[in-house]
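J.: One file is attached below, start04.txt, containing compact mmCIF, C-alpha atoms and all ligand atoms.
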# COMPACT_ATOMS: atom_id res chain seq x y z
CA GLN A 36 -40.15 2.29 6.73
CA ALA A 37 -41.66 -1.09 7.34
CA LYS A 38 -44.28 -2.65 5.20
CA LYS A 39 -46.48 -5.61 5.92
CA LYS A 40 -45.84 -8.73 3.97
CA GLY A 41 -48.31 -11.55 4.38
CA ILE A 42 -49.81 -11.97 7.80
CA ASN A 43 -47.00 -11.92 10.28
CA GLN A 44 -43.94 -11.12 8.22
CA VAL A 45 -42.59 -7.63 8.47
CA VAL A 46 -39.92 -6.58 6.07
CA ILE A 47 -37.86 -3.74 7.33
CA TYR A 48 -36.72 -1.49 4.57
CA ARG A 49 -33.16 -0.35 5.05
CA PRO A 50 -32.31 2.13 2.34
CA HIS A 51 -28.67 2.23 3.37
CA ALA A 52 -28.18 -1.51 3.04
CA ASP A 53 -29.86 -1.51 -0.37
CA VAL A 54 -27.70 1.30 -1.69
CA GLU A 55 -24.62 -0.44 -0.38
CA THR A 56 -25.58 -3.70 -2.06
CA TYR A 57 -26.38 -1.93 -5.30
CA LYS A 58 -23.14 -0.01 -5.14
CA LYS A 59 -21.10 -3.12 -4.46
CA PHE A 60 -22.79 -4.90 -7.34
CA THR A 61 -22.22 -2.11 -9.84
CA LEU A 62 -18.65 -1.56 -8.68
CA MET A 63 -17.92 -5.24 -9.16
CA THR A 64 -19.07 -5.17 -12.76
CA ASP A 65 -17.55 -1.76 -13.45
CA LEU A 66 -14.11 -2.93 -12.34
CA ARG A 67 -13.69 -4.57 -15.72
CA LYS A 68 -14.05 -1.21 -17.44
CA ALA A 69 -11.95 0.65 -14.89
CA VAL A 70 -8.64 -0.49 -16.33
CA GLN A 71 -9.71 -0.29 -19.97
CA GLU A 72 -11.28 3.15 -19.69
CA ASP A 73 -8.44 4.77 -17.82
CA GLU A 74 -10.40 5.34 -14.63
CA LEU A 75 -7.57 4.19 -12.39
CA LEU A 76 -4.72 6.42 -11.40
CA LEU A 77 -1.75 6.27 -9.10
CA HIS A 78 -0.87 8.53 -6.24
CA PHE A 79 2.52 8.37 -4.60
CA GLN A 80 3.35 8.77 -0.93
CA PRO A 81 6.93 9.57 0.05
CA ILE A 82 8.79 7.35 2.46
CA ILE A 83 11.49 9.28 4.25
CA GLN A 84 14.64 8.55 6.17
CA ALA A 85 13.86 9.58 9.74
CA LYS A 86 17.25 11.11 10.51
CA SER A 87 17.66 13.27 7.41
CA GLN A 88 14.03 13.69 6.38
CA LYS A 89 15.18 12.80 2.90
CA ILE A 90 12.83 11.03 0.49
CA VAL A 91 14.18 7.53 -0.13
CA ALA A 92 11.14 5.91 -1.71
CA THR A 93 7.54 6.41 -2.75
CA GLU A 94 4.68 3.98 -2.41
CA ALA A 95 2.36 3.73 -5.39
CA LEU A 96 -1.26 3.73 -4.24
CA VAL A 97 -4.06 3.10 -6.68
CA ARG A 98 -7.15 5.31 -6.91
CA TRP A 99 -10.37 4.79 -8.78
CA ASN A 100 -12.26 7.72 -10.17
CA HIS A 101 -15.63 6.15 -10.89
CA PRO A 102 -17.78 8.06 -13.44
CA GLU A 103 -20.93 7.66 -11.33
CA TRP A 104 -19.83 7.14 -7.73
CA GLY A 105 -16.82 9.40 -7.79
CA TYR A 106 -13.71 8.57 -5.83
CA ILE A 107 -13.64 5.01 -4.48
CA PRO A 108 -10.88 4.35 -1.94
CA PRO A 109 -8.70 1.28 -2.52
CA ASN A 110 -9.85 -0.31 0.72
CA GLU A 111 -13.31 -0.49 -0.87
CA PHE A 112 -12.49 -1.83 -4.31
CA ILE A 113 -9.33 -3.91 -3.87
CA SER A 114 -11.22 -6.53 -1.89
CA LEU A 115 -13.99 -6.57 -4.51
CA ALA A 116 -11.39 -7.00 -7.23
CA GLU A 117 -9.88 -9.85 -5.25
CA GLU A 118 -13.30 -11.50 -5.08
CA ASN A 119 -13.92 -11.41 -8.80
CA GLY A 120 -10.35 -11.83 -10.00
CA PHE A 121 -9.93 -8.39 -11.61
CA ILE A 122 -7.17 -7.76 -9.10
CA ASN A 123 -4.79 -9.40 -11.57
CA ALA A 124 -5.56 -6.88 -14.31
CA ILE A 125 -5.44 -4.02 -11.80
CA GLY A 126 -2.21 -5.29 -10.27
CA ASP A 127 -0.57 -5.63 -13.68
CA TRP A 128 -1.61 -2.10 -14.54
CA VAL A 129 -0.31 -0.70 -11.23
CA LEU A 130 3.04 -2.46 -11.55
CA TYR A 131 3.54 -1.31 -15.12
CA LYS A 132 2.50 2.30 -14.43
CA ALA A 133 4.64 2.52 -11.31
CA CYS A 134 7.73 1.22 -13.12
CA GLN A 135 7.09 3.52 -16.06
CA GLN A 136 6.81 6.45 -13.64
CA LEU A 137 10.03 5.49 -11.91
CA LYS A 138 11.84 5.38 -15.24
CA ASN A 139 10.30 8.67 -16.22
CA TRP A 140 11.53 10.40 -13.04
CA GLN A 141 15.02 9.12 -13.58
CA SER A 142 15.04 10.41 -17.15
CA GLN A 143 14.04 13.80 -15.74
CA GLY A 144 17.20 13.81 -13.69
CA ILE A 145 15.57 13.10 -10.34
CA ASP A 146 17.86 11.16 -8.01
CA PRO A 147 16.91 7.50 -7.97
CA ILE A 148 14.47 6.48 -5.28
CA VAL A 149 12.73 3.19 -4.61
CA MET A 150 9.24 2.58 -6.00
CA SER A 151 7.22 0.46 -3.62
CA VAL A 152 4.29 -1.42 -5.17
CA ASN A 153 1.53 -3.31 -3.35
CA VAL A 154 0.97 -6.86 -4.48
CA SER A 155 -2.21 -8.72 -3.62
CA ALA A 156 -1.91 -12.30 -2.39
CA ILE A 157 -3.99 -13.41 -5.38
CA GLN A 158 -1.59 -11.74 -7.78
CA PHE A 159 1.41 -13.22 -6.03
CA ASP A 160 -0.16 -16.64 -6.15
CA GLN A 161 -0.35 -16.68 -9.94
CA ASP A 162 2.14 -19.03 -11.61
CA SER A 163 3.13 -16.30 -14.01
CA PHE A 164 3.82 -13.69 -11.33
CA VAL A 165 7.62 -13.83 -11.36
CA SER A 166 7.89 -13.88 -15.14
CA HIS A 167 5.43 -11.02 -15.29
CA VAL A 168 7.54 -8.90 -12.96
CA LYS A 169 10.57 -9.77 -15.04
CA SER A 170 8.92 -8.66 -18.26
CA VAL A 171 7.72 -5.38 -16.74
CA ILE A 172 11.26 -4.64 -15.58
CA GLU A 173 12.54 -5.33 -19.08
CA GLU A 174 9.81 -3.41 -20.90
CA THR A 175 10.10 -0.30 -18.78
CA GLY A 176 13.89 -0.48 -18.58
CA ILE A 177 14.10 0.20 -14.84
CA ASP A 178 16.96 -0.86 -12.63
CA PRO A 179 15.27 -3.59 -10.51
CA LYS A 180 17.11 -2.56 -7.40
CA TYR A 181 14.74 0.40 -7.24
CA LEU A 182 11.64 -1.76 -7.36
CA ARG A 183 10.12 -2.97 -4.11
CA LEU A 184 7.18 -5.33 -3.85
CA GLU A 185 4.97 -5.03 -0.79
CA ILE A 186 3.35 -8.26 0.24
CA THR A 187 1.19 -9.03 3.25
CA GLU A 188 1.18 -11.91 5.68
CA ASN A 189 -1.63 -13.69 3.89
CA VAL A 190 0.88 -14.32 1.09
CA LEU A 191 3.20 -16.03 3.52
CA VAL A 192 0.65 -18.38 5.05
CA GLU A 193 0.21 -20.20 1.73
CA ASP A 194 2.28 -23.23 0.70
CA TYR A 195 5.60 -22.64 2.42
CA VAL A 196 7.90 -24.20 -0.18
CA GLN A 197 6.22 -22.45 -3.10
CA VAL A 198 6.17 -19.05 -1.43
CA LYS A 199 9.80 -19.33 -0.39
CA GLU A 200 10.81 -20.36 -3.90
CA LYS A 201 8.91 -17.46 -5.45
CA LEU A 202 10.47 -14.97 -3.09
CA GLU A 203 13.92 -16.31 -3.96
CA GLN A 204 13.17 -15.95 -7.67
CA LEU A 205 12.03 -12.38 -7.16
CA LYS A 206 15.14 -11.61 -5.18
CA LYS A 207 17.19 -13.03 -8.06
CA LEU A 208 15.54 -10.53 -10.37
CA GLY A 209 17.04 -7.87 -8.14
CA VAL A 210 13.90 -6.46 -6.54
CA SER A 211 13.40 -6.06 -2.80
CA ILE A 212 10.52 -7.36 -0.71
CA ALA A 213 8.62 -5.55 2.01
CA LEU A 214 6.25 -7.13 4.48
CA ASP A 215 3.35 -4.68 4.63
CA ASP A 216 0.83 -4.06 7.40
CA PHE A 217 2.92 -5.78 10.02
CA GLY A 218 0.98 -5.97 13.26
CA LYS A 219 -2.41 -5.59 11.66
CA GLY A 220 -3.33 -9.25 11.54
CA TYR A 221 -1.94 -12.30 13.25
CA SER A 222 1.60 -11.16 12.66
CA SER A 223 4.15 -13.73 13.42
CA LEU A 224 7.78 -12.95 14.01
CA ILE A 225 8.55 -16.39 12.62
CA TYR A 226 7.95 -15.06 9.11
CA LEU A 227 10.85 -12.70 9.54
CA GLN A 228 13.11 -15.63 10.19
CA HIS A 229 11.80 -17.96 7.51
CA PHE A 230 11.44 -15.68 4.56
CA ASN A 231 13.95 -13.47 2.89
CA ILE A 232 12.35 -10.10 3.57
CA ASP A 233 14.17 -6.80 3.26
CA VAL A 234 11.74 -4.31 4.73
CA LEU A 235 9.24 -4.44 7.56
CA LYS A 236 6.38 -1.98 7.25
CA VAL A 237 4.75 -1.54 10.63
CA ASP A 238 1.04 -0.91 10.29
CA LYS A 239 -0.38 2.44 11.34
CA LEU A 240 -2.52 0.73 13.97
CA PHE A 241 0.64 0.40 16.00
CA LEU A 242 1.14 4.13 16.40
CA LYS A 243 -2.55 4.56 17.22
CA GLU A 244 -2.07 2.01 20.00
CA VAL A 245 0.95 3.86 21.32
CA GLU A 246 -1.18 6.98 21.77
CA GLU A 247 -3.64 5.06 23.89
CA ASN A 248 -1.54 2.55 25.69
CA GLU A 249 1.87 3.12 27.26
CA LYS A 250 2.70 -0.58 27.13
CA SER A 251 2.53 -0.70 23.37
CA LYS A 252 5.47 1.73 23.28
CA ASP A 253 7.69 -1.03 24.61
CA LEU A 254 6.21 -3.46 22.12
CA LEU A 255 6.95 -1.17 19.19
CA ARG A 256 10.43 -0.46 20.52
CA THR A 257 11.09 -4.21 20.76
CA ILE A 258 9.90 -4.83 17.20
CA VAL A 259 12.15 -2.09 15.87
CA GLU A 260 15.12 -3.43 17.83
CA LEU A 261 14.48 -6.93 16.54
CA ALA A 262 14.17 -5.72 12.96
CA ASN A 263 17.40 -3.76 13.31
CA LYS A 264 19.12 -6.86 14.69
CA LEU A 265 17.88 -8.88 11.73
CA SER A 266 19.14 -6.11 9.41
CA LEU A 267 15.63 -5.43 8.21
CA GLU A 268 14.79 -1.95 7.13
CA VAL A 269 11.86 -0.64 9.15
CA VAL A 270 9.20 1.71 7.86
CA ILE A 271 6.77 3.01 10.45
CA GLU A 272 3.49 3.84 8.76
CA GLY A 273 0.96 6.42 9.82
CA VAL A 274 3.19 9.05 11.41
CA GLU A 275 0.78 11.97 11.77
CA SER A 276 2.21 14.16 14.52
CA ALA A 277 5.53 15.62 15.59
CA PRO A 278 5.53 13.76 18.95
CA GLN A 279 4.95 10.49 17.11
CA PHE A 280 7.83 11.31 14.83
CA GLU A 281 10.13 12.06 17.79
CA PHE A 282 9.10 8.81 19.40
CA VAL A 283 9.75 6.59 16.37
CA LYS A 284 13.07 8.30 15.72
CA GLY A 285 13.98 7.73 19.35
CA ILE A 286 13.38 4.00 19.20
CA GLY A 287 15.68 3.66 16.20
CA ALA A 288 13.19 3.34 13.34
CA ASN A 289 15.07 4.45 10.27
CA HIS A 290 12.20 5.14 7.88
CA ILE A 291 8.75 6.60 8.19
CA GLN A 292 5.69 7.19 6.06
CA GLY A 293 2.80 9.36 7.13
CA PHE A 294 0.64 12.42 6.74
CA LEU A 295 3.03 14.44 8.92
CA PHE A 296 5.38 14.63 5.95
CA SER A 297 3.09 13.99 3.02
CA LYS A 298 -0.15 12.43 1.97
CA PRO A 299 -0.19 10.32 -1.16
CA LEU A 300 0.05 12.82 -4.01
CA PRO A 301 -0.67 12.94 -7.72
CA GLU A 302 2.53 13.00 -9.73
CA GLU A 303 2.44 16.71 -10.52
CA GLU A 304 2.29 17.61 -6.83
CA LEU A 305 5.00 15.15 -5.93
CA ILE A 306 7.56 16.24 -8.53
CA PRO A 307 8.67 19.44 -6.74
CA LYS A 308 9.15 17.43 -3.55
CA LEU A 309 11.28 14.90 -5.41
CA TYR A 310 13.50 17.70 -6.63
CA GLU A 311 13.73 19.20 -3.14
CA LYS A 312 14.48 15.74 -1.74
CA TYR A 313 14.05 16.84 1.87
CA LEU A 314 10.59 17.07 3.33
CA SER A 315 9.62 19.24 6.22
CA LEU A 316 6.67 18.71 8.49
CA GLU A 317 3.34 19.26 6.84
CA ILE A 318 0.98 20.78 9.35
CA ASN A 319 -2.36 22.28 8.44
CA LYS A 320 -1.68 22.30 4.75
CA PRO A 321 -4.73 21.92 2.54
CA SER A 322 -5.45 18.35 1.51
CA PRO A 323 -4.87 17.34 -2.07
CA ILE A 324 -7.80 16.01 -4.04
CA PHE A 325 -9.03 12.56 -3.08
CA GLU A 326 -7.76 12.73 0.47
CA LYS A 327 -10.40 13.65 2.99
P1 LIG B 1 -1.07 0.20 2.56
O1 LIG B 1 -0.34 -0.53 1.51
O2 LIG B 1 -0.72 -0.12 3.96
O3 LIG B 1 -0.84 1.75 2.25
C1 LIG B 1 -0.77 2.74 3.20
C2 LIG B 1 -2.11 3.38 3.45
O4 LIG B 1 -2.04 4.19 4.61
C3 LIG B 1 -2.55 4.33 2.32
O5 LIG B 1 -3.97 4.29 2.23
C4 LIG B 1 -2.11 5.67 2.85
O6 LIG B 1 -2.82 6.76 2.33
C5 LIG B 1 -2.41 5.51 4.32
N1 LIG B 1 -1.61 6.40 5.14
C6 LIG B 1 -0.33 6.78 4.96
N2 LIG B 1 0.08 7.60 5.94
C7 LIG B 1 -0.96 7.75 6.77
C8 LIG B 1 -1.16 8.49 7.98
O7 LIG B 1 -0.29 9.19 8.48
N3 LIG B 1 -2.38 8.38 8.57
C9 LIG B 1 -3.38 7.63 8.04
N4 LIG B 1 -4.54 7.59 8.68
N5 LIG B 1 -3.23 6.91 6.89
C10 LIG B 1 -2.02 6.98 6.27
P2 LIG B 1 -4.73 4.07 0.85
O8 LIG B 1 -4.01 4.75 -0.25
O9 LIG B 1 -6.16 4.42 1.10
O10 LIG B 1 -4.60 2.53 0.62
C11 LIG B 1 -5.19 1.60 1.48
C12 LIG B 1 -4.73 0.20 1.20
O11 LIG B 1 -5.21 -0.23 -0.08
C13 LIG B 1 -3.23 0.04 1.12
O12 LIG B 1 -2.66 -0.02 2.40
C14 LIG B 1 -3.12 -1.25 0.35
O13 LIG B 1 -3.32 -2.35 1.21
C15 LIG B 1 -4.30 -1.15 -0.60
N6 LIG B 1 -3.79 -0.70 -1.90
C16 LIG B 1 -3.58 0.56 -2.36
N7 LIG B 1 -3.08 0.52 -3.63
C17 LIG B 1 -2.97 -0.79 -3.96
C18 LIG B 1 -2.53 -1.48 -5.13
O14 LIG B 1 -2.08 -0.89 -6.12
N8 LIG B 1 -2.58 -2.86 -5.09
C19 LIG B 1 -3.03 -3.54 -4.00
N9 LIG B 1 -3.05 -4.88 -4.05
N10 LIG B 1 -3.44 -2.92 -2.89
C20 LIG B 1 -3.41 -1.56 -2.86
MG MG B 2 1.56 -0.86 1.13
MG MG B 3 0.71 -0.84 5.12
MG MG B 4 -1.86 -3.16 2.73
Rewrite the coordinates I just gave you, this time as structure tokens.

T.:
Amino acid sequence: QAKKKGINQVVIYRPHADVETYKKFTLMTDLRKAVQEDELLLHFQPIIQAKSQKIVATEALVRWNHPEWGYIPPNEFISLAEENGFINAIGDWVLYKACQQLKNWQSQGIDPIVMSVNVSAIQFDQDSFVSHVKSVIEETGIDPKYLRLEITENVLVEDYVQVKEKLEQLKKLGVSIALDDFGKGYSSLIYLQHFNIDVLKVDKLFLKEVEENEKSKDLLRTIVELANKLSLEVVIEGVESAPQFEFVKGIGANHIQGFLFSKPLPEEELIPKLYEKYLSLEINKPSPIFEK
């Protein structure tokens, strides 16, 4: 639809763009309520040891069940929350809930596994971040060696001295640090040398590349070898097929995360898997809610 405006101005009406703008606007304001009104929830995706197929960790992934718009994926609202600062409230909530859940599983007699929690650069940048992590550990009573914080490269590009100091303080608390989404942006191997990182999470784009481009196989193999040399734990993200799994095992990647073994699951669906401990390939199983 186009309607005439004035003499030679034509405004083109784009319903899609308008809905998107409206949606973004309402989501931004609704984020404030999301935490207060219990609209956020966590799903957990197992991370498994490639050799044994044993669950060694789960990643906590936030979901938003919006009363009007329904399910909003994190990729849509995390960036909005970063824009308006609500990411701090959301991040605090996620960290607390994830630690509480970890404690809860241990009280149920489930073998200890690592809980991996995503931390936004804005959250990390707060002066109070380290003391906040410390108080959550104390309040929930978890053993910090089972808490892992996932940061991304945009954390590391900030003030070098400050970031390094913060990472050291976090390490002193006893938690481990993962570098998430490696290979997605302008990844630099220098970070691996300069910062005290325990785990390298290779972004799922890498495996997609491998499917399309033989050369990227060598690249991925080299990254895994380097990480192994630096005694970094490697998690390959986005393993969706058996051939991909064989490939990443073959190049010496010790941990994987992907739909082949499990999608992120609500707690009640995850619990039986945590008791079983070993995951087998998940092919053609119906998707849990929220995952398309
Ligand atoms: P991420 O931290 O890299 O998390 C992994 C994402 O990859 C998850 O998407 C997961 O569902 C997806 N994934 C895992 N295996 C596969 C696979 O085999 N194939 C495909 N196609 N995807 C797979 P999700 O849950 O939609 O989260 C997207 C991103 O949103 C996360 O990427 C993370 O950057 C951000 N995010 C999620 N929860 C939080 C949170 O609590 N705090 C912050 N700051 N960011 C979060
Ligand atoms: Mg992550
Ligand atoms: Mg990632
Ligand atoms: Mg990420």

J.: What are the closest atom pairs, with distances in Å to one decimal, for all residues of chain A lying within 8 Å of ligand MG 3 (chain B)? Consider all atoms listed in the file, order rows by chain and residue number, and present the result as CSV.

T.:
residue,atom,partner,partner_atom,distance
A:Asp215,CA,B:MG3,MG,4.7
A:Asp216,CA,B:MG3,MG,3.9
A:Phe217,CA,B:MG3,MG,7.3
A:Lys236,CA,B:MG3,MG,6.2
A:Val237,CA,B:MG3,MG,6.9
A:Asp238,CA,B:MG3,MG,5.2
A:Lys239,CA,B:MG3,MG,7.1
A:Glu272,CA,B:MG3,MG,6.5

J.: Per residue of chain A within 7 Å of ligand MG 2 (chain B), note the shortest atom pair and the distance in Å to one decimal, counting all atoms listed in the file, and order the rows by chain and increasing residue number, as JSON lines.

T.:
{"residue": "A:Glu94", "atom": "CA", "partner": "B:MG2", "partner_atom": "MG", "distance": 6.8}
{"residue": "A:Val152", "atom": "CA", "partner": "B:MG2", "partner_atom": "MG", "distance": 6.9}
{"residue": "A:Asn153", "atom": "CA", "partner": "B:MG2", "partner_atom": "MG", "distance": 5.1}
{"residue": "A:Glu185", "atom": "CA", "partner": "B:MG2", "partner_atom": "MG", "distance": 5.7}
{"residue": "A:Asp215", "atom": "CA", "partner": "B:MG2", "partner_atom": "MG", "distance": 5.5}

J.: Give me, please, the distance in Å between CA of Val190 in chain A and CA of Leu96 in chain A, quoted to one decimal.

T.: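 Separation of CA of Val190 in chain A and CA of Leu96 in chain A: 18.9 Å.
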
J.: Neighbours of ligand LIG 1 (chain B) within 8 Å, counting all atoms listed in the file, as a VMD selection string?

T.: chain A and resid 77 to 78 80 94 to 98 108 to 110 113 122 125 to 126 129 to 130 152 to 156 158 185 215 to 216 238 to 239 272 to 275 292 to 295 297 to 299 326

J.: Quick one: of A:Ala124, A:Leu214, A:Leu205, A:Leu62, who's nearest to ligand MG 4 (chain B), counting all atoms listed in the file?

T.: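 Answer, going by the shortest atom-to-atom distance: A:Leu214.
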
J.: So which one's closest to ligand MG 4 (chain B), A:Ile186, A:Val198, A:Ile271, A:Ile172? Using all atoms listed in the file, please.

T.: A:Ile186

J.: A:Leu184, A:Gln197, A:Lys243, A:Tyr310: which is nearest ligand MG 4 (chain B), counting all atoms listed in the file?

T.: A:Leu184

J.: I'd like the interatomic distance between CA of Glu281 in chain A and CA of Lys308 in chain A, to a tenth of an Å.

T.: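 So the two atoms, CA of Glu281 in chain A and CA of Lys308 in chain A, lie 22.0 Å apart.
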
J.: Find the distance between CA of Phe112 in chain A and CA of Val171 in chain A and write it in Å to one decimal.

T.: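 Separation between CA of Phe112 in chain A and CA of Val171 in chain A: 24.0 Å.
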
J.: Padding of 4 Å on every side, edges along x, y and z, all listed atoms of range 240-252 of chain A included: what centre and edge lengths in Å, to one decimal, does that box have, as AutoDock Vina command-line options?

T.:
--center_x 0.9 --center_y 3.1 --center_z 20.6 --size_x 17.1 --size_y 15.7 --size_z 21.3

J.: Using only C-alpha atoms, which of A:Gln88, A:Gly220, A:Tyr313, A:Glu193 sits nearest Phe280 in chain A?

T.: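 Between A:Gln88, A:Gly220, A:Tyr313, A:Glu193, the residue approaching Phe280 in chain A most closely is A:Gln88.
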